[in-house]
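A.B. asks: Next up, start_33.tsv (TSV, C-alpha atoms and all ligand atoms).
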chain	number	residue	atom	x	y	z
A	215	MET	CA	12.82	7.60	-16.39
A	216	ARG	CA	13.79	6.20	-13.01
A	217	LEU	CA	12.27	2.71	-13.36
A	218	GLN	CA	13.02	1.90	-17.00
A	219	GLY	CA	12.68	-1.85	-17.60
A	220	LYS	CA	11.72	-2.67	-14.00
A	221	ILE	CA	8.94	-5.17	-13.29
A	222	ALA	CA	6.60	-4.34	-10.40
A	223	VAL	CA	3.69	-6.08	-8.72
A	224	LEU	CA	1.17	-3.85	-6.94
A	225	THR	CA	-1.74	-4.98	-4.74
A	226	GLY	CA	-4.77	-2.79	-4.14
A	227	ALA	CA	-4.08	-1.44	-7.64
A	228	CYS	CA	-7.65	-0.29	-8.30
A	229	GLY	CA	-7.98	1.94	-5.24
A	230	GLY	CA	-7.24	5.64	-5.06
A	231	ILE	CA	-3.56	5.33	-4.16
A	232	GLY	CA	-3.09	2.14	-6.19
A	233	GLN	CA	-4.27	3.69	-9.48
A	234	ALA	CA	-1.97	6.67	-8.94
A	235	ILE	CA	0.97	4.32	-8.29
A	236	VAL	CA	0.25	2.40	-11.51
A	237	ASP	CA	0.21	5.71	-13.47
A	238	LYS	CA	3.46	6.87	-11.93
A	239	LEU	CA	5.36	3.58	-12.30
A	240	VAL	CA	4.37	3.30	-15.96
A	241	LYS	CA	5.45	6.93	-16.56
A	242	GLU	CA	8.79	6.04	-14.98
A	243	GLY	CA	9.26	3.16	-17.44
A	244	ALA	CA	8.14	0.14	-15.37
A	245	CYS	CA	5.82	-2.70	-16.34
A	246	VAL	CA	3.23	-3.45	-13.66
A	247	LEU	CA	1.24	-6.52	-12.67
A	248	ALA	CA	-1.81	-4.88	-11.11
A	249	ALA	CA	-3.65	-7.01	-8.55
A	250	ASP	CA	-6.94	-6.32	-6.81
A	251	LEU	CA	-10.34	-7.78	-5.97
A	252	SER	CA	-12.04	-5.55	-8.55
A	253	GLU	CA	-12.36	-7.19	-11.95
A	254	ALA	CA	-13.81	-4.02	-13.52
A	255	GLY	CA	-11.09	-1.86	-12.01
A	256	LEU	CA	-8.39	-4.14	-13.37
A	257	ALA	CA	-9.94	-4.09	-16.84
A	258	ASP	CA	-9.93	-0.25	-16.72
A	259	LEU	CA	-6.24	-0.22	-15.77
A	260	HIS	CA	-5.36	-2.48	-18.67
A	261	ASP	CA	-7.44	-0.37	-21.09
A	262	THR	CA	-5.70	2.78	-19.89
A	263	HIS	CA	-2.12	1.51	-19.95
A	264	GLY	CA	-2.10	-1.27	-22.55
A	265	ASP	CA	0.75	-3.76	-22.54
A	266	ALA	CA	2.67	-2.00	-19.75
A	267	VAL	CA	0.05	-3.30	-17.31
A	268	ALA	CA	-0.95	-6.93	-16.85
A	269	THR	CA	-3.66	-7.75	-14.34
A	270	ARG	CA	-4.61	-10.50	-11.96
A	271	LEU	CA	-7.65	-10.85	-9.76
A	272	THR	CA	-6.08	-11.48	-6.35
A	273	ASP	CA	-7.21	-11.73	-2.76
A	274	VAL	CA	-4.16	-10.90	-0.63
A	275	THR	CA	-5.63	-12.78	2.34
A	276	ASP	CA	-5.06	-16.05	0.42
A	277	TYR	CA	-1.38	-17.04	0.23
A	278	ARG	CA	-1.87	-19.37	-2.76
A	279	ASP	CA	-3.50	-16.49	-4.61
A	280	VAL	CA	-0.56	-14.20	-3.79
A	281	GLN	CA	1.91	-16.82	-5.02
A	282	ALA	CA	-0.11	-17.14	-8.23
A	283	MET	CA	-0.03	-13.31	-8.57
A	284	ILE	CA	3.79	-13.34	-8.50
A	285	ALA	CA	3.85	-16.24	-10.98
A	286	ALA	CA	1.53	-14.24	-13.26
A	287	ALA	CA	3.95	-11.30	-13.21
A	288	VAL	CA	6.87	-13.57	-14.09
A	289	GLU	CA	4.83	-15.16	-16.88
A	290	ALA	CA	3.83	-11.75	-18.28
A	291	PHE	CA	7.13	-9.91	-17.91
A	292	GLY	CA	9.85	-12.48	-17.20
A	293	ARG	CA	10.84	-11.62	-13.63
A	294	LEU	CA	10.11	-9.47	-10.54
A	295	ASP	CA	12.04	-6.40	-9.36
A	296	ILE	CA	9.58	-4.50	-7.14
A	297	MET	CA	6.78	-5.74	-4.85
A	298	ILE	CA	4.36	-3.12	-3.52
A	299	ASN	CA	2.04	-4.38	-0.77
A	300	ASN	CA	-0.59	-1.65	-0.89
A	301	ALA	CA	-3.99	-3.37	-0.47
A	302	GLY	CA	-5.71	-2.27	2.71
A	303	ILE	CA	-9.11	-1.78	4.28
A	304	ALA	CA	-10.45	0.43	7.06
A	305	GLN	CA	-13.79	-0.23	8.71
A	306	PRO	CA	-14.27	2.64	11.15
A	307	LYS	CA	-16.30	1.51	14.15
A	308	PRO	CA	-16.13	2.09	17.90
A	309	LEU	CA	-14.17	-0.65	19.67
A	310	ILE	CA	-17.07	-1.32	22.03
A	311	GLU	CA	-19.26	-2.26	19.03
A	312	HIS	CA	-16.75	-4.74	17.55
A	313	ASP	CA	-17.66	-8.12	16.17
A	314	PRO	CA	-14.13	-9.58	16.51
A	315	GLU	CA	-14.35	-11.82	13.47
A	316	ARG	CA	-15.31	-9.02	11.11
A	317	ASP	CA	-13.72	-6.03	12.77
A	318	PHE	CA	-10.40	-7.48	13.96
A	319	ASP	CA	-9.76	-10.67	11.97
A	320	GLY	CA	-11.14	-9.14	8.77
A	321	VAL	CA	-8.93	-6.05	8.90
A	322	THR	CA	-5.89	-8.00	10.09
A	323	ALA	CA	-6.26	-10.53	7.26
A	324	VAL	CA	-5.90	-7.83	4.61
A	325	ASN	CA	-3.67	-5.19	6.21
A	326	GLN	CA	-1.28	-7.42	8.15
A	327	LYS	CA	-1.41	-10.95	6.80
A	328	GLY	CA	-1.84	-9.70	3.22
A	329	VAL	CA	1.40	-7.70	3.51
A	330	TYR	CA	3.15	-10.69	5.11
A	331	HIS	CA	2.00	-12.90	2.21
A	332	GLY	CA	3.38	-10.39	-0.30
A	333	ILE	CA	6.72	-10.16	1.50
A	334	VAL	CA	7.23	-13.94	1.64
A	335	ALA	CA	6.08	-14.68	-1.90
A	336	ALA	CA	8.19	-11.86	-3.37
A	337	ALA	CA	11.25	-12.84	-1.31
A	338	GLN	CA	11.04	-16.41	-2.61
A	339	GLN	CA	10.86	-15.11	-6.17
A	340	PHE	CA	13.85	-12.80	-5.61
A	341	ARG	CA	15.83	-15.73	-4.19
A	342	SER	CA	15.00	-17.93	-7.18
A	343	GLN	CA	16.19	-15.16	-9.53
A	344	SER	CA	19.34	-14.46	-7.43
A	345	SER	CA	18.55	-10.87	-8.29
A	346	GLY	CA	17.88	-8.78	-5.20
A	347	GLY	CA	14.80	-6.59	-5.30
A	348	VAL	CA	12.70	-4.01	-3.47
A	349	ILE	CA	9.63	-4.48	-1.28
A	350	LEU	CA	7.52	-1.42	-0.38
A	351	ASN	CA	4.66	-1.70	2.13
A	352	THR	CA	1.88	0.84	2.60
A	353	SER	CA	1.68	1.70	6.28
A	354	SER	CA	-0.12	4.72	7.76
A	355	VAL	CA	0.50	7.61	10.11
A	356	TYR	CA	-1.90	5.70	12.39
A	357	ALA	CA	0.75	3.02	12.94
A	358	LYS	CA	2.16	5.39	15.56
A	359	MET	CA	-0.96	7.23	16.76
A	360	ALA	CA	-4.08	6.21	18.64
A	361	SER	CA	-7.36	7.30	17.10
A	362	GLU	CA	-11.02	6.58	17.70
A	363	MET	CA	-12.91	3.96	15.66
A	364	THR	CA	-9.82	2.51	13.96
A	365	PHE	CA	-8.45	0.08	16.57
A	366	SER	CA	-7.73	-2.85	14.24
A	367	TYR	CA	-6.46	-0.60	11.45
A	368	ASN	CA	-3.88	1.10	13.68
A	369	VAL	CA	-2.73	-2.22	15.15
A	370	SER	CA	-2.36	-3.73	11.68
A	371	LYS	CA	-0.35	-0.75	10.43
A	372	ALA	CA	1.96	-0.92	13.46
A	373	ALA	CA	2.53	-4.54	12.45
A	374	VAL	CA	3.37	-3.37	8.92
A	375	ASP	CA	6.11	-1.13	10.31
A	376	MET	CA	7.62	-4.00	12.32
A	377	MET	CA	7.33	-6.45	9.43
A	378	THR	CA	9.19	-3.88	7.32
A	379	LYS	CA	12.08	-3.77	9.80
A	380	CYS	CA	12.27	-7.54	10.36
A	381	ALA	CA	12.01	-8.35	6.66
A	382	ALA	CA	14.72	-5.81	5.81
A	383	LEU	CA	17.04	-7.53	8.27
A	384	GLU	CA	16.30	-11.08	7.14
A	385	LEU	CA	16.30	-10.36	3.42
A	386	ALA	CA	19.37	-8.13	3.35
A	387	PRO	CA	21.70	-11.08	2.61
A	388	LEU	CA	19.68	-11.66	-0.58
A	389	GLY	CA	20.24	-8.04	-1.63
A	390	VAL	CA	16.57	-7.24	-1.01
A	391	ARG	CA	15.65	-3.82	0.35
A	392	VAL	CA	12.38	-3.35	2.30
A	393	CYS	CA	10.75	-0.05	3.26
A	394	ALA	CA	7.33	1.44	3.90
A	395	ILE	CA	5.44	4.67	3.33
A	396	ALA	CA	3.10	6.15	5.95
A	397	PRO	CA	0.51	8.45	4.35
A	398	GLY	CA	-1.72	10.63	6.51
A	399	ARG	CA	-5.02	11.58	4.91
A	400	VAL	CA	-5.29	10.91	1.22
A	401	ASP	CA	-8.42	11.68	-0.79
A	402	THR	CA	-9.47	8.16	-1.84
A	403	PRO	CA	-12.59	5.99	-1.49
A	404	MET	CA	-11.15	4.71	1.81
A	405	LEU	CA	-11.11	8.19	3.36
A	406	ARG	CA	-14.49	9.10	1.84
A	407	GLN	CA	-16.07	6.72	4.37
A	408	TYR	CA	-15.71	9.64	6.77
A	409	GLU	CA	-17.83	11.79	4.45
A	410	ALA	CA	-20.71	9.38	5.01
A	411	LEU	CA	-20.11	9.66	8.76
A	412	GLY	CA	-20.50	13.49	8.57
A	413	LEU	CA	-16.84	14.07	9.43
A	414	TRP	CA	-15.53	15.45	6.11
A	415	ASP	CA	-15.23	19.11	7.19
A	416	HIS	CA	-13.67	18.06	10.47
A	417	ILE	CA	-11.07	16.01	8.63
A	418	HIS	CA	-10.04	19.04	6.58
A	419	LYS	CA	-9.79	21.22	9.70
A	420	GLU	CA	-7.46	18.67	11.25
A	421	GLN	CA	-4.98	19.11	8.40
A	422	MET	CA	-2.13	21.55	9.00
A	423	ARG	CA	-2.68	23.13	5.56
A	424	ARG	CA	-6.44	22.39	5.50
A	425	THR	CA	-6.05	20.19	2.42
A	426	LEU	CA	-5.88	16.45	1.93
A	427	THR	CA	-2.95	14.72	0.27
A	428	SER	CA	-3.65	13.62	-3.31
A	429	PRO	CA	-2.99	10.02	-4.39
A	430	SER	CA	-0.45	11.24	-6.97
A	431	GLU	CA	1.61	12.92	-4.22
A	432	ILE	CA	1.89	9.52	-2.51
A	433	ALA	CA	2.69	7.82	-5.82
A	434	ASP	CA	5.57	10.26	-6.43
A	435	ILE	CA	7.17	9.22	-3.14
A	436	VAL	CA	6.52	5.53	-3.79
A	437	ALA	CA	8.31	5.81	-7.15
A	438	PHE	CA	11.29	7.37	-5.38
A	439	LEU	CA	11.33	4.75	-2.61
A	440	VAL	CA	11.35	1.80	-5.02
A	441	SER	CA	14.02	3.37	-7.22
A	442	ASP	CA	17.80	3.13	-6.83
A	443	ASP	CA	17.74	6.78	-5.68
A	444	ALA	CA	16.46	5.47	-2.34
A	445	ASN	CA	19.10	2.75	-2.05
A	446	CYS	CA	20.09	3.64	1.52
A	447	ILE	CA	16.49	3.68	2.82
A	448	ASN	CA	16.06	0.20	4.29
A	449	GLY	CA	13.85	-1.09	7.12
A	450	SER	CA	12.35	2.40	7.48
A	451	THR	CA	8.82	3.72	7.29
A	452	ILE	CA	8.85	7.12	5.60
A	453	ASP	CA	6.21	9.59	6.82
A	454	ALA	CA	4.23	11.23	4.03
A	455	ALA	CA	1.49	12.71	6.18
A	456	ASP	CA	1.87	16.45	5.57
A	457	GLY	CA	2.90	17.00	9.18
A	458	PHE	CA	-0.16	15.27	10.64
A	459	GLU	CA	1.85	13.26	13.13
A	460	SER	CA	3.48	16.37	14.61
A	461	PHE	CA	0.47	18.67	14.63
A	462	LYS	CA	-2.21	19.28	17.21
A	463	PHE	CA	-5.57	20.56	16.02
A	464	PRO	CA	-5.41	24.28	16.99
A	465	LEU	CA	-7.82	25.97	19.39
A	466	LEU	CA	-7.72	29.19	17.35
A	467	PRO	CA	-9.94	29.39	14.24
B	1	LIG	N1	-6.53	7.05	2.06
B	1	LIG	C1	-5.83	7.36	3.12
B	1	LIG	O1	-6.04	8.43	3.75
B	1	LIG	C2	-4.73	6.44	3.60
B	1	LIG	C3	-3.89	6.90	4.62
B	1	LIG	C4	-2.87	6.09	5.08
B	1	LIG	C5	-2.67	4.83	4.52
B	1	LIG	N2	-3.51	4.41	3.53
B	1	LIG	C6	-3.26	3.06	2.99
B	1	LIG	O2	-3.07	3.13	1.59
B	1	LIG	C7	-3.45	1.88	0.99
B	1	LIG	C8	-4.37	2.16	-0.18
B	1	LIG	O3	-5.55	2.77	0.34
B	1	LIG	P1	-6.53	3.69	-0.52
B	1	LIG	O4	-6.73	4.92	0.24
B	1	LIG	O5	-6.09	3.74	-1.93
B	1	LIG	O6	-7.85	2.81	-0.36
B	1	LIG	P2	-8.95	2.36	-1.42
B	1	LIG	O7	-10.07	1.86	-0.62
B	1	LIG	O8	-9.18	3.42	-2.42
B	1	LIG	O9	-8.21	1.15	-2.17
B	1	LIG	C9	-7.91	-0.07	-1.56
B	1	LIG	C10	-7.87	-1.15	-2.64
B	1	LIG	O10	-7.50	-2.37	-2.04
B	1	LIG	C11	-8.29	-3.40	-2.61
B	1	LIG	N3	-8.43	-4.52	-1.69
B	1	LIG	C12	-9.12	-4.57	-0.52
B	1	LIG	N4	-9.04	-5.80	0.01
B	1	LIG	C13	-8.27	-6.54	-0.82
B	1	LIG	C14	-7.83	-7.89	-0.80
B	1	LIG	N5	-8.22	-8.75	0.15
B	1	LIG	N6	-7.04	-8.32	-1.81
B	1	LIG	C15	-6.68	-7.47	-2.81
B	1	LIG	N7	-7.07	-6.18	-2.88
B	1	LIG	C16	-7.86	-5.74	-1.90
B	1	LIG	C17	-9.64	-2.74	-2.87
B	1	LIG	O11	-10.40	-3.46	-3.83
B	1	LIG	C18	-9.22	-1.36	-3.33
B	1	LIG	O12	-9.07	-1.29	-4.73
B	1	LIG	C19	-4.08	1.06	2.11
B	1	LIG	O13	-3.12	0.14	2.63
B	1	LIG	C20	-4.41	2.09	3.16
B	1	LIG	O14	-4.48	1.56	4.45
B	1	LIG	C21	-4.53	5.17	3.06
In structure tokens, how does this file's structure come out?

C.D. replies:
Amino acid sequence: MRLQGKIAVLTGACGGIGQAIVDKLVKEGACVLAADLSEAGLADLHDTHGDAVATRLTDVTDYRDVQAMIAAAVEAFGRLDIMINNAGIAQPKPLIEHDPERDFDGVTAVNQKGVYHGIVAAAQQFRSQSSGGVILNTSSVYAKMASEMTFSYNVSKAAVDMMTKCAALELAPLGVRVCAIAPGRVDTPMLRQYEALGLWDHIHKEQMRRTLTSPSEIADIVAFLVSDDANCINGSTIDAADGFESFKFPLLP
């Protein structure tokens, strides 16, 4: 077990990718403080995993709440080793239809500022422990690609990549490593929004292998990235997009 005895905090723990990360970290021997907006989802996680998982209702847009989330992990398990900033939202909508407060500020508050909050609060905890630590941020393949209807999402994920680099540099003297994962298309409630938009078949056709990534495939890579096996991966965003970023939708059937 790669993460035996490690203590992790995970935001967005009740979503598709988040639940898979909780499963994987617990299998690898970690204890997890699962944080999310969903009270019912958190209760399910605790029922499934028992004492290996503590929970805290947390809104990552609120810095005091994020600080309290870290304090809850320390209270439950004694310290912090791994911070995973995974909470995110996507609200697909054409740019021309934007209401800036909802469609830019709203997405930025969760995807960008929420990650920033997690980085700062975790770094302060690592410093107080004099322990080092690992921070893993969930980016996206869309950090580097333009796409329709996801203006604020792509901008926020580009910010996640830069925050990952800058935080790695500034926190290195504390022995803290920071990296990010960039999934492509993962079958979760977030992606299922495109089903409602009538784009589900199209999304499959755009995949090199015509299949979506499963949440557990992302969780496997997350577990590697937060483990000592990935010790020399620092400041980097690791693509886990099944080739999406290097693939053009073919003309041939
Ligand atoms: N699904 C994909 O195809 C895909 C691709 C690339 C990147 N990602 C990223 O992966 C991460 C997880 O996405 P997912 O696909 O599991 O989505 P999801 O919608 O299934 O889960 C997201 C979770 O985040 C929680 N959340 C939302 N706002 C929050 C807030 N303010 N505070 C705390 N929790 C909050 C939600 O309650 C939900 O449980 C996101 O950062 C997303 O951008 C997803």

A.B. asks: Would you kindly return, as a PDB file with C-alpha atoms, in the coordinates of the input, each protein, DNA or RNA residue with an atom no farther than 6 Å from any atom of Gly449 (chain A), considering only C-alpha atoms and excluding same-chain residues fewer than 3 positions away?

C.D. replies:
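Wrote part-v6.pdb, looks like this:
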ATOM      1  CA  THR A 378       9.190  -3.880   7.320  1.00  0.00           C
ATOM      2  CA  LYS A 379      12.080  -3.770   9.800  1.00  0.00           C
ATOM      3  CA  ALA A 382      14.720  -5.810   5.810  1.00  0.00           C
ATOM      4  CA  VAL A 392      12.380  -3.350   2.300  1.00  0.00           C
ATOM      5  CA  CYS A 393      10.750  -0.050   3.260  1.00  0.00           C
TER       6      CYS A 393
END

A.B. asks: Please check which protein, DNA or RNA residues sit within 6 Å of ligand LIG 1 (chain B), counting all atoms listed in the file, and write them as a VMD selection string.

C.D. replies: chain A and resid 225 to 232 250 to 252 272 to 275 300 to 303 324 352 to 354 397 to 405

A.B. asks: From the set A:Ala437, A:Ile432, A:Val369, A:Ala254, which residue has the shortest atom-to-atom contact distance to Arg216 (chain A), counting all atoms listed in the file?

C.D. replies: A:Ala437

A.B. asks: Looking at A:Tyr367, A:Tyr356, A:Phe340, A:Phe458, which one is nearest to Val288 (chain A), with distances taken over only C-alpha atoms?

C.D. replies: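 Distance minimum relative to Val288 (chain A) lands on A:Phe340.
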
A.B. asks: Go through region 339-434 of chain A residue by residue and, counting only C-alpha atoms, keep those with an atom at most 8 Å from region 307-316 of chain A; for each kept residue give the shortest atom pair and its distance in Å to one decimal, ordered by chain and increasing number, as a Markdown table.

C.D. replies:
| residue | atom | partner | partner_atom | distance |
| --- | --- | --- | --- | --- |
| A:Glu362 | CA | A:Pro308 | CA | 6.8 |
| A:Met363 | CA | A:Pro308 | CA | 4.3 |
| A:Thr364 | CA | A:Lys307 | CA | 6.6 |
| A:Phe365 | CA | A:Leu309 | CA | 6.5 |

A.B. asks: Could you work out how far CA of Gln233 (chain A) lies from CA of Ala287 (chain A), giving the answer in Å with one decimal?

C.D. replies: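 One can read the CA of Ala287 (chain A) to CA of Gln233 (chain A) distance as 17.5 Å.
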
A.B. asks: Select, from A:Ala337, A:Val321, A:Met422, A:Cys245, the residue with the minimum atom-to-atom distance to Lys371 (chain A), counting all atoms listed in the file.

C.D. replies: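 Closest candidate: A:Val321.
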
A.B. asks: Need the neighbours of (10.3, 3.9, -4.9): which residues are at most 9 Å away, counting all atoms listed in the file, as a list in words?

C.D. replies: Leu217, Leu239, Ile296, Val348, Leu350, Ala433, Asp434, Ile435, Val436, Ala437, Phe438, Leu439, Val440, Ser441, Asp442, Asp443 and Ala444 of chain A

A.B. asks: Within 12 Å of (4.8, 4.6, -16.9), all atoms listed in the file: residues as a PyMOL selection string?

C.D. replies: chain A and resi 215-222+233-246+262-267+433-434+437

A.B. asks: Compare A:Lys327, A:Lys358, A:Arg293, A:Arg391 by their minimum atom-to-atom distance to Ser342 (chain A), counting all atoms listed in the file, and give me the closest one.

C.D. replies: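 Checking each of A:Lys327, A:Lys358, A:Arg293, A:Arg391 against Ser342 (chain A), counting all atoms listed in the file, the winner is A:Arg293.
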
A.B. asks: Missing atoms in region 216-232 of chain A: fill them in up to N, CA and C atoms and send the result as a PDB file, in the coordinates of the input.

C.D. replies:
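Everything below was put into result_9.pdb:
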ATOM      1  N   ARG A 216      13.068   6.829 -14.115  1.00  0.00           N
ATOM      2  CA  ARG A 216      13.790   6.200 -13.010  1.00  0.00           C
ATOM      3  C   ARG A 216      13.640   4.682 -12.930  1.00  0.00           C
ATOM      4  N   LEU A 217      12.549   4.140 -13.538  1.00  0.00           N
ATOM      5  CA  LEU A 217      12.270   2.710 -13.360  1.00  0.00           C
ATOM      6  C   LEU A 217      12.243   1.967 -14.700  1.00  0.00           C
ATOM      7  N   GLN A 218      13.005   2.488 -15.656  1.00  0.00           N
ATOM      8  CA  GLN A 218      13.020   1.900 -17.000  1.00  0.00           C
ATOM      9  C   GLN A 218      13.342   0.399 -16.946  1.00  0.00           C
ATOM     10  N   GLY A 219      12.444  -0.405 -17.508  1.00  0.00           N
ATOM     11  CA  GLY A 219      12.680  -1.850 -17.600  1.00  0.00           C
ATOM     12  C   GLY A 219      12.400  -2.625 -16.324  1.00  0.00           C
ATOM     13  N   LYS A 220      12.003  -1.951 -15.261  1.00  0.00           N
ATOM     14  CA  LYS A 220      11.720  -2.670 -14.000  1.00  0.00           C
ATOM     15  C   LYS A 220      10.330  -3.324 -14.074  1.00  0.00           C
ATOM     16  N   ILE A 221      10.210  -4.443 -13.345  1.00  0.00           N
ATOM     17  CA  ILE A 221       8.940  -5.170 -13.290  1.00  0.00           C
ATOM     18  C   ILE A 221       8.403  -5.081 -11.861  1.00  0.00           C
ATOM     19  N   ALA A 222       7.189  -4.534 -11.730  1.00  0.00           N
ATOM     20  CA  ALA A 222       6.600  -4.340 -10.400  1.00  0.00           C
ATOM     21  C   ALA A 222       5.286  -5.096 -10.276  1.00  0.00           C
ATOM     22  N   VAL A 223       5.016  -5.558  -9.065  1.00  0.00           N
ATOM     23  CA  VAL A 223       3.690  -6.080  -8.720  1.00  0.00           C
ATOM     24  C   VAL A 223       3.106  -5.142  -7.674  1.00  0.00           C
ATOM     25  N   LEU A 224       1.833  -4.794  -7.839  1.00  0.00           N
ATOM     26  CA  LEU A 224       1.170  -3.850  -6.940  1.00  0.00           C
ATOM     27  C   LEU A 224      -0.182  -4.419  -6.518  1.00  0.00           C
ATOM     28  N   THR A 225      -0.412  -4.548  -5.213  1.00  0.00           N
ATOM     29  CA  THR A 225      -1.740  -4.980  -4.740  1.00  0.00           C
ATOM     30  C   THR A 225      -2.571  -3.750  -4.384  1.00  0.00           C
ATOM     31  N   GLY A 226      -3.878  -3.932  -4.369  1.00  0.00           N
ATOM     32  CA  GLY A 226      -4.770  -2.790  -4.140  1.00  0.00           C
ATOM     33  C   GLY A 226      -4.660  -1.785  -5.273  1.00  0.00           C
ATOM     34  N   ALA A 227      -4.406  -2.305  -6.492  1.00  0.00           N
ATOM     35  CA  ALA A 227      -4.080  -1.440  -7.640  1.00  0.00           C
ATOM     36  C   ALA A 227      -5.252  -0.613  -8.125  1.00  0.00           C
ATOM     37  N   CYS A 228      -6.477  -1.016  -7.775  1.00  0.00           N
ATOM     38  CA  CYS A 228      -7.650  -0.290  -8.300  1.00  0.00           C
ATOM     39  C   CYS A 228      -8.149   0.787  -7.352  1.00  0.00           C
ATOM     40  N   GLY A 229      -7.553   0.912  -6.190  1.00  0.00           N
ATOM     41  CA  GLY A 229      -7.980   1.940  -5.240  1.00  0.00           C
ATOM     42  C   GLY A 229      -7.398   3.300  -5.604  1.00  0.00           C
ATOM     43  N   GLY A 230      -7.688   4.287  -4.775  1.00  0.00           N
ATOM     44  CA  GLY A 230      -7.240   5.640  -5.060  1.00  0.00           C
ATOM     45  C   GLY A 230      -5.723   5.740  -5.157  1.00  0.00           C
ATOM     46  N   ILE A 231      -5.034   5.258  -4.156  1.00  0.00           N
ATOM     47  CA  ILE A 231      -3.560   5.330  -4.160  1.00  0.00           C
ATOM     48  C   ILE A 231      -2.994   4.347  -5.185  1.00  0.00           C
ATOM     49  N   GLY A 232      -3.588   3.150  -5.270  1.00  0.00           N
ATOM     50  CA  GLY A 232      -3.090   2.140  -6.190  1.00  0.00           C
ATOM     51  C   GLY A 232      -3.095   2.617  -7.635  1.00  0.00           C
TER      52      GLY A 232
END
